[in-house]
Amino acid sequence: MKKIIFIVMCFISVTSSAQTIDKIKLEKRLDSIFSSFNKNTPGVAVTVIENGKVIAKKAYGLASLEHMVPFTHNTVVRLPYSEGREFISIAAVLMEQEGLLSLEDKVRKYFPKLPAWAEPVSIWDLLNHRSGFADEWDAVLLTQASMGNRFDVSQFLNLLYTQPKEEVVPGKGYMYSNSDFGLLRLLLEKASGENLRDWMKQKMFDPLGMKATLLHDNANEVIPNYALKYSLVANRKFSSITNDKTSPGGNYHIATTANDLERWAAVLAEKNSEISKAAKRLMNNAQLMPGAGKNFVFGYKLRNDNGNTIILHQGVNNFTYMSRIPEKNLAIIVFGNLITEYENYHKNIRQTVLKTPAATTFTNKRFTVAPVSYSKKELEQFAGRYIDEDTVSFESFVKAKKNITHFFIEHDSLKLRMGNNIIPFVPVAKNVFKIQHYELYIEFLPSNEGLMRFSAHDHPQKKIYNSIKDTLSTWKPSKELLASSLVNITAGTLIFIGLLCRMKKGNWLSKDLL
């Protein structure tokens, strides 16, 4: 017995000694990588796991900018909306393992009032955005002008029950639709006979020791150690994010902590666990999403870095909360309350641990700073709406000009409107503008044909976006046409009024609007 204890103690001593050296070097590197997170910024918790052992664990910044509370590995953050799809997708497979459903089941088995065209739609099609159902948030935008407004469950279902035809061919086409996972949540509750939040807690999170993790379906609920999310506005100023997009059907936000994600990483690394088997089942029938690389609907993105296959855990927000290299037994957790793209942080940590060279596939364009001043009249050439020229959206495989950037002039300064935020730019060279305190350059490219374009060079994210100025003018009806319209109600107006009445009768719109 003494000999065994001695051998074990020697093993622990050697292991601890080896890890101490690596830990010191790695933690210094982490301090450098996350140097922008400090006592005046949102926070981030970082964990590096190799061969099942934590080799580095550091936290930076604040959980609350208002109350100066430090961010820790026990800080609870609500993941962005689409990042919850990994967890709800795995819940669907676990229910199949329990015999509660089959992923081949037709959705009309659970919701027989769905239209006849939806007969072929299976649970797999919901999981892979191949259903053809219209996007509920598009409907909310059209009827209520905000994705922050919400349907109740009956309105959400009525939208689908009365959909006259499919958006894409069920089982064959692809269109990113939030209705798919909204309907999936309601379907899982029918199949299990339980509230999905309760089922996931009992069957998924509690058995893994993920005590702080939950399906956070009530944004107003008070949760211990909970942190608001923040976005960077400008000049190192931050804005809190409180208007999460949601709906009763699709409300499957996941709230968790960096410590709980350690347990999630461990169970995924265990090949014989139910969770890892469920992830493998999803991958065996995974829908490829548009965009570079292998991106899958349920929140996995596969990348190749120096011959290593990287699994990134992220949604369409590119909020990479975890990455793994299974063949290297390496997992990296980067979990914070600043809404930004974390992929490059993972890459820098990965290259440090594996001692691989930095990728050289992207070269940032360097601009020679030669400050120039512009009058308000001169700035007008840059103002206006610009439309993406070359970005394929995750929404479909159709290359469409959807993403719009709006530059405008205010107080003799060029500014960008991004959601509810106004971002000022300063001129740093001829036709080149930059955000203060961030390496994002906007290079305007006037052409002989009079079409203004710009290239946005995002140095930290190593990305370039190209856009062209929208030449469509706003329709301005004449006074005569407006006057005649008041007297002569057109047939189109009558049809529109009839449609509104039908929508109200079918509970499509909230009572406040009509």
# chains A, B, ... in the order shown; residues from 1 in each chain; ligands from 1
call {"tool": "select_by_dssp", "arguments": {"residues": "segment 209-361 of chain A", "states": "strand (DSSP E)", "output": "ChimeraX atom specification"}}
result
/A:214-215,229-234,237-241,254-256,294-295,300-305,308-313,322-325,330-336
call {"tool": "residues_around", "arguments": {"residues": "Gln97 of chain A", "least_positions_apart": "6", "cutoff": "10 Å", "atoms": "only C-alpha atoms", "output": "list of chain:residue names"}}
result
A:Ala91, A:Glu274, A:Lys277, A:Ala278
call {"tool": "residues_around", "arguments": {"residues": "Tyr81 of chain A", "least_positions_apart": "4", "cutoff": "12 Å", "atoms": "only C-alpha atoms", "output": "short mmCIF file (atom, residue, chain, number, x, y, z; two decimals) with C-alpha atoms, in the first residue's frame"}}
result
data_model
loop_
_atom_site.label_atom_id
_atom_site.label_comp_id
_atom_site.auth_asym_id
_atom_site.auth_seq_id
_atom_site.Cartn_x
_atom_site.Cartn_y
_atom_site.Cartn_z
CA VAL A 77 -24.44 34.81 -19.14
CA ARG A 85 -29.35 25.46 -30.96
CA GLU A 86 -26.62 23.03 -30.00
CA PHE A 87 -28.40 22.28 -26.74
CA ILE A 88 -31.98 22.04 -28.04
CA ASN A 178 -36.49 30.82 -36.72
CA PHE A 181 -36.68 25.79 -33.91
CA GLY A 182 -39.70 27.55 -32.43
CA LEU A 215 -33.06 27.12 -20.73
CA HIS A 216 -33.55 30.78 -19.89
CA ASP A 217 -37.07 31.38 -21.23
CA ALA A 219 -35.48 37.33 -19.60
CA ASN A 243 -33.82 43.71 -25.90
CA ASP A 244 -33.18 40.07 -26.80
CA LYS A 245 -35.12 38.81 -29.80
CA THR A 246 -37.52 36.14 -28.65
CA SER A 247 -40.93 34.53 -28.99
CA GLY A 250 -38.66 29.77 -30.14
CA ASN A 251 -37.54 31.01 -26.75
CA TYR A 252 -34.68 28.59 -26.15
CA HIS A 253 -31.93 30.90 -24.94
CA ILE A 254 -29.35 29.02 -22.86
CA ALA A 255 -27.82 30.66 -19.78
CA PHE A 298 -27.09 23.22 -34.89
CA GLY A 299 -24.09 25.36 -33.97
CA GLN A 314 -21.08 28.99 -32.14
CA GLY A 315 -24.27 30.19 -33.79
CA VAL A 316 -24.79 32.66 -36.59
CA ASN A 317 -23.71 35.44 -34.19
CA ASN A 318 -20.17 33.97 -34.29
CA PHE A 319 -20.14 34.04 -30.49
CA ILE A 339 -21.04 40.55 -27.76
#
call {"tool": "closest_residue", "arguments": {"among": "A:Phe382, A:Ile311, A:Glu119, A:Ile387", "to": "Phe425 of chain A", "atoms": "only C-alpha atoms"}}
result
A:Phe382
call {"tool": "closest_residue", "arguments": {"among": "A:Pro460, A:Gly171, A:Gly193, A:Gly84", "to": "His313 of chain A", "atoms": "only C-alpha atoms"}}
result
A:Gly84
call {"tool": "closest_residue", "arguments": {"among": "A:Ile349, A:Val168, A:Leu114, A:Met200", "to": "Lys28 of chain A", "atoms": "only C-alpha atoms"}}
result
A:Ile349
call {"tool": "residues_around", "arguments": {"residues": "Asp125 of chain A", "least_positions_apart": "2", "cutoff": "9 Å", "atoms": "only C-alpha atoms", "output": "list in words"}}
result
Leu103, Glu104, Val121, Ser122, Ile123, Leu127, Asn128, His129, Arg130, Ser131, Gly132, Pro170, Gly171, Lys172 and Asp180 of chain A
call {"tool": "write_last_selection", "arguments": {"atoms": "C-alpha atoms", "output": "PDB file, in the first residue's frame"}}
result
ATOM      1  CA  LEU A 103     -36.331  12.257 -35.806  1.00  0.00           C
ATOM      2  CA  GLU A 104     -38.003  10.791 -38.895  1.00  0.00           C
ATOM      3  CA  VAL A 121     -41.803  17.896 -43.208  1.00  0.00           C
ATOM      4  CA  SER A 122     -39.970  15.812 -40.588  1.00  0.00           C
ATOM      5  CA  ILE A 123     -38.232  16.689 -37.330  1.00  0.00           C
ATOM      6  CA  LEU A 127     -33.271  20.621 -37.273  1.00  0.00           C
ATOM      7  CA  ASN A 128     -31.753  21.424 -40.677  1.00  0.00           C
ATOM      8  CA  HIS A 129     -33.898  24.380 -41.848  1.00  0.00           C
ATOM      9  CA  ARG A 130     -35.381  22.347 -44.685  1.00  0.00           C
ATOM     10  CA  SER A 131     -39.035  22.729 -43.684  1.00  0.00           C
ATOM     11  CA  GLY A 132     -40.260  25.582 -45.887  1.00  0.00           C
ATOM     12  CA  PRO A 170     -39.572  20.579 -47.803  1.00  0.00           C
ATOM     13  CA  GLY A 171     -36.696  18.199 -47.265  1.00  0.00           C
ATOM     14  CA  LYS A 172     -34.730  19.541 -50.227  1.00  0.00           C
ATOM     15  CA  ASP A 180     -38.230  25.795 -37.363  1.00  0.00           C
TER      16      ASP A 180
END
call {"tool": "residues_around", "arguments": {"residues": "Ile464 of chain A", "least_positions_apart": "2", "cutoff": "12 Å", "atoms": "only C-alpha atoms", "output": "MDAnalysis selection string"}}
result
chainID A and resid 362:365 388:391 440:443 454:462 466:467
call {"tool": "write_last_selection", "arguments": {"atoms": "C-alpha atoms", "output": "short mmCIF file (atom, residue, chain, number, x, y, z; two decimals), in the first residue's frame"}}
result
data_model
loop_
_atom_site.label_atom_id
_atom_site.label_comp_id
_atom_site.auth_asym_id
_atom_site.auth_seq_id
_atom_site.Cartn_x
_atom_site.Cartn_y
_atom_site.Cartn_z
CA PHE A 362 -5.00 36.82 -44.82
CA THR A 363 -2.96 39.99 -45.08
CA ASN A 364 -4.33 43.17 -43.56
CA LYS A 365 -4.13 46.15 -45.83
CA ASP A 388 -23.40 44.05 -49.62
CA GLU A 389 -21.80 43.07 -52.92
CA ASP A 390 -20.21 39.76 -52.20
CA THR A 391 -21.49 38.21 -48.97
CA LEU A 440 -11.61 48.97 -38.69
CA TYR A 441 -10.96 51.02 -41.81
CA ILE A 442 -13.55 52.09 -44.37
CA GLU A 443 -11.95 52.74 -47.74
CA PHE A 454 -16.42 50.87 -50.04
CA SER A 455 -14.26 48.12 -48.60
CA ALA A 456 -14.37 47.61 -44.83
CA HIS A 457 -11.06 46.24 -43.53
CA ASP A 458 -11.59 44.64 -40.10
CA HIS A 459 -8.03 43.96 -38.94
CA PRO A 460 -8.77 42.13 -35.64
CA GLN A 461 -11.25 39.80 -37.35
CA LYS A 462 -9.10 39.53 -40.50
CA ASN A 466 -17.33 45.06 -49.94
CA SER A 467 -20.46 47.15 -50.51
#
call {"tool": "residues_around", "arguments": {"residues": "Phe71 of chain A", "least_positions_apart": "4", "cutoff": "9 Å", "atoms": "only C-alpha atoms", "output": "list in words"}}
result
Pro42, Gly43, Val44, Ala45, Ala59, Tyr60, Gly61, Leu62, Ala63, Ser64, Thr75, Ala227, Gly336 and Asn337 of chain A
call {"tool": "write_last_selection", "arguments": {"atoms": "C-alpha atoms", "output": "PDB file, in the first residue's frame"}}
result
ATOM      1  CA  PRO A  42     -17.055  43.725 -19.943  1.00  0.00           C
ATOM      2  CA  GLY A  43     -15.497  40.473 -18.866  1.00  0.00           C
ATOM      3  CA  VAL A  44     -14.395  37.085 -20.099  1.00  0.00           C
ATOM      4  CA  ALA A  45     -13.532  33.756 -18.486  1.00  0.00           C
ATOM      5  CA  ALA A  59     -10.814  35.662 -15.872  1.00  0.00           C
ATOM      6  CA  TYR A  60     -10.687  39.312 -16.904  1.00  0.00           C
ATOM      7  CA  GLY A  61     -12.949  42.364 -16.822  1.00  0.00           C
ATOM      8  CA  LEU A  62     -16.336  42.931 -15.250  1.00  0.00           C
ATOM      9  CA  ALA A  63     -19.620  41.087 -14.991  1.00  0.00           C
ATOM     10  CA  SER A  64     -21.309  44.418 -14.239  1.00  0.00           C
ATOM     11  CA  THR A  75     -20.723  34.316 -13.850  1.00  0.00           C
ATOM     12  CA  ALA A 227     -24.453  39.335 -15.956  1.00  0.00           C
ATOM     13  CA  GLY A 336     -17.871  36.526 -21.816  1.00  0.00           C
ATOM     14  CA  ASN A 337     -20.564  39.178 -21.707  1.00  0.00           C
TER      15      ASN A 337
END
call {"tool": "atom_distance", "arguments": {"atom1": "atom CA of Val76 of chain A", "atom2": "atom CA of Arg350 of chain A"}}
result
24.8 Å
call {"tool": "atom_distance", "arguments": {"atom1": "atom CA of Ile333 of chain A", "atom2": "atom CA of Tyr321 of chain A"}}
result
5.9 Å
call {"tool": "select_by_dssp", "arguments": {"residues": "segment 156-254 of chain A", "states": "alpha helix (DSSP H)", "output": "list in words"}}
result
Phe156, Leu157, Asn158, Leu159, Leu160, Tyr161, Asn178, Ser179, Asp180, Phe181, Gly182, Leu183, Leu184, Arg185, Leu186, Leu187, Leu188, Glu189, Lys190, Ala191, Ser192, Leu196, Arg197, Asp198, Trp199 and Met200 of chain A
call {"tool": "write_last_selection", "arguments": {"atoms": "N, CA and C atoms", "output": "PDB file, in the first residue's frame"}}
result
ATOM      1  N   PHE A 156     -48.273  32.436 -33.110  1.00  0.00           N
ATOM      2  CA  PHE A 156     -47.160  31.790 -33.809  1.00  0.00           C
ATOM      3  C   PHE A 156     -47.653  30.578 -34.601  1.00  0.00           C
ATOM      4  N   LEU A 157     -48.448  29.726 -33.954  1.00  0.00           N
ATOM      5  CA  LEU A 157     -48.952  28.542 -34.649  1.00  0.00           C
ATOM      6  C   LEU A 157     -49.905  28.917 -35.772  1.00  0.00           C
ATOM      7  N   ASN A 158     -50.724  29.946 -35.549  1.00  0.00           N
ATOM      8  CA  ASN A 158     -51.673  30.360 -36.592  1.00  0.00           C
ATOM      9  C   ASN A 158     -50.949  30.865 -37.827  1.00  0.00           C
ATOM     10  N   LEU A 159     -49.790  31.506 -37.618  1.00  0.00           N
ATOM     11  CA  LEU A 159     -48.978  31.948 -38.754  1.00  0.00           C
ATOM     12  C   LEU A 159     -48.601  30.756 -39.630  1.00  0.00           C
ATOM     13  N   LEU A 160     -48.205  29.644 -38.983  1.00  0.00           N
ATOM     14  CA  LEU A 160     -47.800  28.461 -39.735  1.00  0.00           C
ATOM     15  C   LEU A 160     -49.005  27.700 -40.274  1.00  0.00           C
ATOM     16  N   TYR A 161     -50.089  27.645 -39.501  1.00  0.00           N
ATOM     17  CA  TYR A 161     -51.274  26.914 -39.937  1.00  0.00           C
ATOM     18  C   TYR A 161     -51.876  27.511 -41.207  1.00  0.00           C
ATOM     19  N   ASN A 178     -36.361  30.940 -38.164  1.00  0.00           N
ATOM     20  CA  ASN A 178     -36.491  30.815 -36.721  1.00  0.00           C
ATOM     21  C   ASN A 178     -37.749  30.043 -36.329  1.00  0.00           C
ATOM     22  N   SER A 179     -38.710  29.964 -37.244  1.00  0.00           N
ATOM     23  CA  SER A 179     -39.916  29.191 -36.968  1.00  0.00           C
ATOM     24  C   SER A 179     -39.600  27.713 -36.783  1.00  0.00           C
ATOM     25  N   ASP A 180     -38.566  27.217 -37.463  1.00  0.00           N
ATOM     26  CA  ASP A 180     -38.230  25.795 -37.363  1.00  0.00           C
ATOM     27  C   ASP A 180     -37.914  25.396 -35.930  1.00  0.00           C
ATOM     28  N   PHE A 181     -37.046  26.154 -35.274  1.00  0.00           N
ATOM     29  CA  PHE A 181     -36.677  25.790 -33.913  1.00  0.00           C
ATOM     30  C   PHE A 181     -37.744  26.219 -32.908  1.00  0.00           C
ATOM     31  N   GLY A 182     -38.548  27.224 -33.271  1.00  0.00           N
ATOM     32  CA  GLY A 182     -39.697  27.552 -32.433  1.00  0.00           C
ATOM     33  C   GLY A 182     -40.687  26.400 -32.407  1.00  0.00           C
ATOM     34  N   LEU A 183     -40.978  25.847 -33.583  1.00  0.00           N
ATOM     35  CA  LEU A 183     -41.886  24.709 -33.665  1.00  0.00           C
ATOM     36  C   LEU A 183     -41.256  23.473 -33.019  1.00  0.00           C
ATOM     37  N   LEU A 184     -39.931  23.324 -33.163  1.00  0.00           N
ATOM     38  CA  LEU A 184     -39.237  22.197 -32.558  1.00  0.00           C
ATOM     39  C   LEU A 184     -39.399  22.219 -31.044  1.00  0.00           C
ATOM     40  N   ARG A 185     -39.263  23.391 -30.447  1.00  0.00           N
ATOM     41  CA  ARG A 185     -39.416  23.470 -28.994  1.00  0.00           C
ATOM     42  C   ARG A 185     -40.807  23.005 -28.571  1.00  0.00           C
ATOM     43  N   LEU A 186     -41.844  23.502 -29.243  1.00  0.00           N
ATOM     44  CA  LEU A 186     -43.207  23.112 -28.892  1.00  0.00           C
ATOM     45  C   LEU A 186     -43.435  21.625 -29.138  1.00  0.00           C
ATOM     46  N   LEU A 187     -42.814  21.100 -30.185  1.00  0.00           N
ATOM     47  CA  LEU A 187     -42.939  19.676 -30.492  1.00  0.00           C
ATOM     48  C   LEU A 187     -42.286  18.823 -29.406  1.00  0.00           C
ATOM     49  N   LEU A 188     -41.104  19.222 -28.945  1.00  0.00           N
ATOM     50  CA  LEU A 188     -40.421  18.469 -27.905  1.00  0.00           C
ATOM     51  C   LEU A 188     -41.228  18.458 -26.606  1.00  0.00           C
ATOM     52  N   GLU A 189     -41.918  19.545 -26.344  1.00  0.00           N
ATOM     53  CA  GLU A 189     -42.755  19.580 -25.147  1.00  0.00           C
ATOM     54  C   GLU A 189     -43.960  18.647 -25.283  1.00  0.00           C
ATOM     55  N   LYS A 190     -44.514  18.553 -26.500  1.00  0.00           N
ATOM     56  CA  LYS A 190     -45.606  17.606 -26.728  1.00  0.00           C
ATOM     57  C   LYS A 190     -45.115  16.169 -26.594  1.00  0.00           C
ATOM     58  N   ALA A 191     -43.950  15.893 -27.145  1.00  0.00           N
ATOM     59  CA  ALA A 191     -43.434  14.528 -27.132  1.00  0.00           C
ATOM     60  C   ALA A 191     -43.082  14.068 -25.727  1.00  0.00           C
ATOM     61  N   SER A 192     -42.534  14.966 -24.915  1.00  0.00           N
ATOM     62  CA  SER A 192     -42.094  14.598 -23.559  1.00  0.00           C
ATOM     63  C   SER A 192     -43.177  14.776 -22.521  1.00  0.00           C
ATOM     64  N   LEU A 196     -40.008  22.168 -21.634  1.00  0.00           N
ATOM     65  CA  LEU A 196     -38.679  21.811 -22.122  1.00  0.00           C
ATOM     66  C   LEU A 196     -37.590  22.256 -21.148  1.00  0.00           C
ATOM     67  N   ARG A 197     -37.792  23.383 -20.507  1.00  0.00           N
ATOM     68  CA  ARG A 197     -36.803  23.853 -19.531  1.00  0.00           C
ATOM     69  C   ARG A 197     -36.621  22.821 -18.415  1.00  0.00           C
ATOM     70  N   ASP A 198     -37.735  22.308 -17.889  1.00  0.00           N
ATOM     71  CA  ASP A 198     -37.665  21.322 -16.816  1.00  0.00           C
ATOM     72  C   ASP A 198     -37.033  20.023 -17.306  1.00  0.00           C
ATOM     73  N   TRP A 199     -37.403  19.592 -18.516  1.00  0.00           N
ATOM     74  CA  TRP A 199     -36.879  18.344 -19.051  1.00  0.00           C
ATOM     75  C   TRP A 199     -35.366  18.430 -19.241  1.00  0.00           C
ATOM     76  N   MET A 200     -34.884  19.531 -19.811  1.00  0.00           N
ATOM     77  CA  MET A 200     -33.446  19.680 -20.049  1.00  0.00           C
ATOM     78  C   MET A 200     -32.676  19.743 -18.728  1.00  0.00           C
TER      79      MET A 200
END
call {"tool": "residues_around", "arguments": {"residues": "segment 303-306 of chain A", "least_positions_apart": "4", "cutoff": "12 Å", "atoms": "only C-alpha atoms", "output": "list in words"}}
result
Ala292, Gly293, Lys294, Asn295, Phe296, Ile310, Ile311, Leu312, His313, Ser323, Arg324, Ile325, Glu343, His346, Lys347, Asn348, Arg350, Gln351, Leu354, Lys355, Thr356, Pro357, Ala358, Ala359, Thr360 and Thr361 of chain A
call {"tool": "closest_residue", "arguments": {"among": "A:Gly209, A:Ala118, A:Val153, A:Glu50", "to": "Glu327 of chain A", "atoms": "only C-alpha atoms"}}
result
A:Glu50
call {"tool": "decode", "arguments": {"residues": "segment 267-305 of chain A", "atoms": "C-alpha atoms", "output": "CSV table (one decimal), in the first residue's frame"}}
result
chain,number,residue,atom,x,y,z
A,267,VAL,CA,-19.0,14.9,-21.8
A,268,LEU,CA,-18.5,15.6,-25.5
A,269,ALA,CA,-14.9,14.3,-25.2
A,270,GLU,CA,-16.3,11.0,-23.8
A,271,LYS,CA,-17.0,8.9,-26.9
A,272,ASN,CA,-19.5,6.6,-25.2
A,273,SER,CA,-21.6,9.3,-23.5
A,274,GLU,CA,-25.1,9.9,-24.6
A,275,ILE,CA,-24.3,13.5,-25.3
A,276,SER,CA,-21.4,12.8,-27.6
A,277,LYS,CA,-23.4,10.1,-29.4
A,278,ALA,CA,-26.2,12.6,-29.9
A,279,ALA,CA,-23.8,15.1,-31.4
A,280,LYS,CA,-22.5,12.4,-33.7
A,281,ARG,CA,-26.0,11.6,-34.8
A,282,LEU,CA,-26.6,15.2,-35.7
A,283,MET,CA,-23.4,15.4,-37.6
A,284,ASN,CA,-24.3,12.3,-39.7
A,285,ASN,CA,-27.3,14.2,-41.1
A,286,ALA,CA,-26.1,17.8,-40.8
A,287,GLN,CA,-27.2,20.5,-43.2
A,288,LEU,CA,-24.4,22.6,-44.7
A,289,MET,CA,-25.1,26.3,-44.3
A,290,PRO,CA,-24.0,29.0,-46.8
A,291,GLY,CA,-20.7,30.7,-46.2
A,292,ALA,CA,-17.0,29.7,-46.1
A,293,GLY,CA,-16.1,26.4,-44.5
A,294,LYS,CA,-18.4,23.7,-43.1
A,295,ASN,CA,-21.1,25.5,-41.0
A,296,PHE,CA,-23.9,23.5,-39.6
A,297,VAL,CA,-27.4,24.6,-38.4
A,298,PHE,CA,-27.1,23.2,-34.9
A,299,GLY,CA,-24.1,25.4,-34.0
A,300,TYR,CA,-21.0,23.4,-35.0
A,301,LYS,CA,-18.5,24.9,-37.5
A,302,LEU,CA,-15.6,22.8,-38.7
A,303,ARG,CA,-12.3,24.5,-39.6
A,304,ASN,CA,-8.9,23.3,-40.5
A,305,ASP,CA,-5.8,24.9,-38.9
